[in-house]
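Asker: Okay, handing you the structure first.
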Amino acid sequence: MNYNYIAIEGNIGSGKTSLSTLLAEEYNAKLVLEQFQENPFLGKFYEDKERYAFQVEMSFLTDRYYQLKTELASGDLFQPKIIADYFINKCQIFGNTNLLDDEQKLFNSLFSIIDSSLPKPDLIVYLFLDSETLLNNISKRGRIYEQKIQKEYLETIHKNYFEYFKQLENKRILIIDTTNIDFVTNKNDYELIKNTITAEYPVGTSRVIL
């Protein structure tokens, strides 16, 4: 594998954790999984977004920062590569999606301080799934607090990820449509997506594979 640090991103229910786990096992990489279930405001946020948006985003920001700071700093001679199922910039993407204007300004100021102190992924992979498939995945995994997520919210997240990617410079970004790819149970599909991700791309690449 050509990259030391890969971040697998995507919308809610896109299969980030599943793919990250498969790749980490194959390449004996250090696996960093987001600990979202520990966020005490997440369930409340889905009940009342306007009231709890700032609390939930600040909680995610601090938890993600602490986890990445700890995990990325503790090098392992036998696991020199890292695969994570998120990157810290998702804090800003979701913050800009969910926060009011005055909250966004404060949040983005804090984010810029935190972001500057963390290593950046060598490659960012965004797994795209249409909103209907995402809703089906969300329903199947059965997390109670996610069942009220609306199609419009998922489409807004998609849009904000794409807009954010346009602003990033000197990054390697792959956007892969996985609507007709089952990399969990179909070995050929997994090999296809694995080979796509691990191919060599120059810095500054922004490639959409649809």
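As shown in the structure tokens, the chain order sets the letters A, B, ...; within each chain, residues go from 1, and ligands are also counted from 1 in the order they appear.
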Excluding stretch 202-207 of chain A and residues on its chain fewer than 6 positions from it, collect all residues at most 6 Å away from it, counting only C-alpha atoms, and give them as a CSV table (one decimal) with N, CA and C atoms, in the first residue's frame.
Answerer:
```csv
chain,number,residue,atom,x,y,z
A,170,ASN,N,-3.9,20.5,-2.4
A,170,ASN,CA,-2.8,19.6,-2.2
A,170,ASN,C,-3.2,18.4,-1.4
A,171,LYS,N,-4.3,17.8,-1.7
A,171,LYS,CA,-4.8,16.6,-1.1
A,171,LYS,C,-5.1,15.6,-2.1
A,172,ARG,N,-5.1,14.3,-1.7
A,172,ARG,CA,-5.6,13.2,-2.6
A,172,ARG,C,-7.0,12.8,-2.1
A,173,ILE,N,-8.0,13.0,-3.0
A,173,ILE,CA,-9.4,12.8,-2.6
A,173,ILE,C,-10.0,11.8,-3.7
A,174,LEU,N,-10.6,10.7,-3.2
A,174,LEU,CA,-11.3,9.8,-4.1
A,174,LEU,C,-12.8,9.8,-3.7
```
Asker: Stretch 115-127 of chain A: which residues within 7 Å, counting only C-alpha atoms, same-chain residues fewer than 6 positions away excluded, as a list in words?
Answerer: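 My reading of the contact set: Tyr3, Asn4, Tyr5, Ile6, Ala7, Ile8, Glu9, Gly10, Ser14, Lys69, Arg172, Ile173, Leu174, Ile175, Ile176, Asp177 and Thr178 of chain A.
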Asker: Write out the residues from the selection above, keeping N, CA and C atoms, as a PDB file, in the first residue's frame.
Answerer:
```
ATOM      1  N   TYR A   3       0.236   4.356   0.894  1.00  0.00           N
ATOM      2  CA  TYR A   3      -0.067   5.448   1.818  1.00  0.00           C
ATOM      3  C   TYR A   3       0.086   4.998   3.268  1.00  0.00           C
ATOM      4  N   ASN A   4       0.592   5.898   4.086  1.00  0.00           N
ATOM      5  CA  ASN A   4       0.776   5.584   5.497  1.00  0.00           C
ATOM      6  C   ASN A   4      -0.470   5.879   6.329  1.00  0.00           C
ATOM      7  N   TYR A   5      -1.318   6.797   5.850  1.00  0.00           N
ATOM      8  CA  TYR A   5      -2.479   7.204   6.626  1.00  0.00           C
ATOM      9  C   TYR A   5      -3.637   7.456   5.667  1.00  0.00           C
ATOM     10  N   ILE A   6      -4.657   6.598   5.741  1.00  0.00           N
ATOM     11  CA  ILE A   6      -5.841   6.719   4.896  1.00  0.00           C
ATOM     12  C   ILE A   6      -7.054   6.983   5.780  1.00  0.00           C
ATOM     13  N   ALA A   7      -7.880   7.940   5.373  1.00  0.00           N
ATOM     14  CA  ALA A   7      -9.143   8.204   6.052  1.00  0.00           C
ATOM     15  C   ALA A   7     -10.291   7.821   5.129  1.00  0.00           C
ATOM     16  N   ILE A   8     -11.150   6.936   5.613  1.00  0.00           N
ATOM     17  CA  ILE A   8     -12.335   6.520   4.867  1.00  0.00           C
ATOM     18  C   ILE A   8     -13.512   7.342   5.378  1.00  0.00           C
ATOM     19  N   GLU A   9     -14.121   8.123   4.496  1.00  0.00           N
ATOM     20  CA  GLU A   9     -15.228   8.985   4.892  1.00  0.00           C
ATOM     21  C   GLU A   9     -16.497   8.609   4.141  1.00  0.00           C
ATOM     22  N   GLY A  10     -17.594   9.246   4.516  1.00  0.00           N
ATOM     23  CA  GLY A  10     -18.860   8.987   3.865  1.00  0.00           C
ATOM     24  C   GLY A  10     -20.002   9.465   4.727  1.00  0.00           C
ATOM     25  N   SER A  14     -22.856   4.670   5.279  1.00  0.00           N
ATOM     26  CA  SER A  14     -22.223   4.393   3.982  1.00  0.00           C
ATOM     27  C   SER A  14     -21.248   3.220   4.008  1.00  0.00           C
ATOM     28  N   LYS A  69      -5.191  12.505  18.347  1.00  0.00           N
ATOM     29  CA  LYS A  69      -3.933  12.937  18.945  1.00  0.00           C
ATOM     30  C   LYS A  69      -3.236  11.765  19.624  1.00  0.00           C
ATOM     31  N   ARG A 172      -5.140  14.310  -1.720  1.00  0.00           N
ATOM     32  CA  ARG A 172      -5.597  13.226  -2.596  1.00  0.00           C
ATOM     33  C   ARG A 172      -7.007  12.841  -2.123  1.00  0.00           C
ATOM     34  N   ILE A 173      -7.988  13.019  -3.006  1.00  0.00           N
ATOM     35  CA  ILE A 173      -9.376  12.750  -2.639  1.00  0.00           C
ATOM     36  C   ILE A 173     -10.002  11.836  -3.684  1.00  0.00           C
ATOM     37  N   LEU A 174     -10.552  10.718  -3.233  1.00  0.00           N
ATOM     38  CA  LEU A 174     -11.296   9.810  -4.109  1.00  0.00           C
ATOM     39  C   LEU A 174     -12.752   9.788  -3.663  1.00  0.00           C
ATOM     40  N   ILE A 175     -13.657   9.987  -4.592  1.00  0.00           N
ATOM     41  CA  ILE A 175     -15.086   9.840  -4.327  1.00  0.00           C
ATOM     42  C   ILE A 175     -15.550   8.629  -5.126  1.00  0.00           C
ATOM     43  N   ILE A 176     -15.977   7.602  -4.415  1.00  0.00           N
ATOM     44  CA  ILE A 176     -16.318   6.336  -5.059  1.00  0.00           C
ATOM     45  C   ILE A 176     -17.800   6.028  -4.851  1.00  0.00           C
ATOM     46  N   ASP A 177     -18.508   5.837  -5.936  1.00  0.00           N
ATOM     47  CA  ASP A 177     -19.915   5.455  -5.868  1.00  0.00           C
ATOM     48  C   ASP A 177     -19.996   3.955  -5.584  1.00  0.00           C
ATOM     49  N   THR A 178     -20.496   3.606  -4.415  1.00  0.00           N
ATOM     50  CA  THR A 178     -20.574   2.198  -4.018  1.00  0.00           C
ATOM     51  C   THR A 178     -22.008   1.663  -4.068  1.00  0.00           C
TER      52      THR A 178
END
```
Asker: Compile the contact shell of A:Asn98 as an MDAnalysis selection string: residues with an atom at most 8 Å away, counting only C-alpha atoms, same-chain residues fewer than 5 positions apart removed.
Answerer: chainID A and resid 49:50 53
Asker: Any chance you can output those residues with N, CA and C atoms as a JSON list (two decimals), in the first residue's frame?
Answerer:
```json
[["chain", "number", "residue", "atom", "x", "y", "z"],
["A", 49, "LYS", "N", -32.68, 19.11, 17.19],
["A", 49, "LYS", "CA", -31.41, 19.49, 16.57],
["A", 49, "LYS", "C", -30.99, 20.91, 16.93],
["A", 50, "GLU", "N", -31.91, 21.83, 16.91],
["A", 50, "GLU", "CA", -31.54, 23.22, 17.16],
["A", 50, "GLU", "C", -31.02, 23.41, 18.58],
["A", 53, "ALA", "N", -27.47, 21.01, 18.88],
["A", 53, "ALA", "CA", -26.46, 20.95, 17.82],
["A", 53, "ALA", "C", -25.08, 21.36, 18.31]]
```
Asker: Applying 9 Å and only C-alpha atoms, which residues near A:Gly43 remain after dropping the ones on its own chain fewer than 4 positions away? List them as a list in words.
Answerer: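 Neighbouring residues, sequence-local ones excluded: Asn39, Glu47, Asp48, Ile144, Tyr145 and Glu146 of chain A.
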Asker: Next, dump the selected residues to file, keeping only C-alpha atoms, as a PDB file, in the first residue's frame.
Answerer:
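Result file is again-v9.pdb:
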```
ATOM      1  CA  ASN A  39     -21.371  11.082  22.697  1.00  0.00           C
ATOM      2  CA  GLU A  47     -34.799  14.671  19.019  1.00  0.00           C
ATOM      3  CA  ASP A  48     -34.134  18.444  19.032  1.00  0.00           C
ATOM      4  CA  ILE A 144     -32.764   3.899  17.796  1.00  0.00           C
ATOM      5  CA  TYR A 145     -31.533   7.500  17.801  1.00  0.00           C
ATOM      6  CA  GLU A 146     -30.850   7.358  14.034  1.00  0.00           C
TER       7      GLU A 146
END
```
Asker: Within 9 Å of A:Thr179, counting only C-alpha atoms, which residues qualify if same-chain residues fewer than 4 places away don't, as an MDAnalysis selection string?
Answerer: chainID A and resid 128:130 133
Asker: Enter the distance from atom CA of A:Asp102 to atom CA of A:Gln167, in Å, rounded to one decimal.
Answerer: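 Taking atom CA of A:Asp102 and atom CA of A:Gln167, their separation equals 21.8 Å.
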Asker: How would you write, as a PyMOL selection string, the set of residues in stretch 77-154 of chain A that DSSP gives as strand (DSSP E or B)?
Answerer: chain A and resi 82-84+123-128
Asker: Measure the distance from atom CA of A:Leu100 to atom CA of A:Tyr52 in Å and round it to one decimal.
Answerer: 11.3 Å
Asker: Restricting the calculation to only C-alpha atoms, which member of A:Tyr65, A:Phe60, A:Phe183, A:Tyr27 is positioned closest to A:Leu42?
Answerer: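 Closest candidate: A:Phe60.
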Asker: Among stretch 61-207 of chain A, which residues carry a DSSP assignment of helix (DSSP H, G or I), reported as a VMD selection string?
Answerer: chain A and resid 61 to 73 90 to 98 101 to 115 131 to 141 144 to 146 151 to 167 187 to 198
Asker: Point out the residue among A:Leu23, A:Lys90, A:Gly95, A:Thr156 with the least atom-to-atom distance to A:Phe107, counting only C-alpha atoms.
Answerer: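 That would be A:Gly95, the residue with the smallest distance to A:Phe107.
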Asker: Mind giving me the straight-line distance from atom CA of A:Asn2 to atom CA of A:Val208 in Å, one decimal?
Answerer: 19.3 Å
Asker: I need the residue nearest A:Glu38 from this list: A:Arg64, A:Leu72, A:Ser20, A:Leu168. Use only C-alpha atoms for the distance.
Answerer: A:Arg64
Asker: For stretch 103-106 of chain A, find every residue with an atom within 12 Å (counting only C-alpha atoms), except residues of its own chain fewer than 4 positions away, and show them as a ChimeraX atom specification.
Answerer: /A:50-55,57-58,91-99,110-113
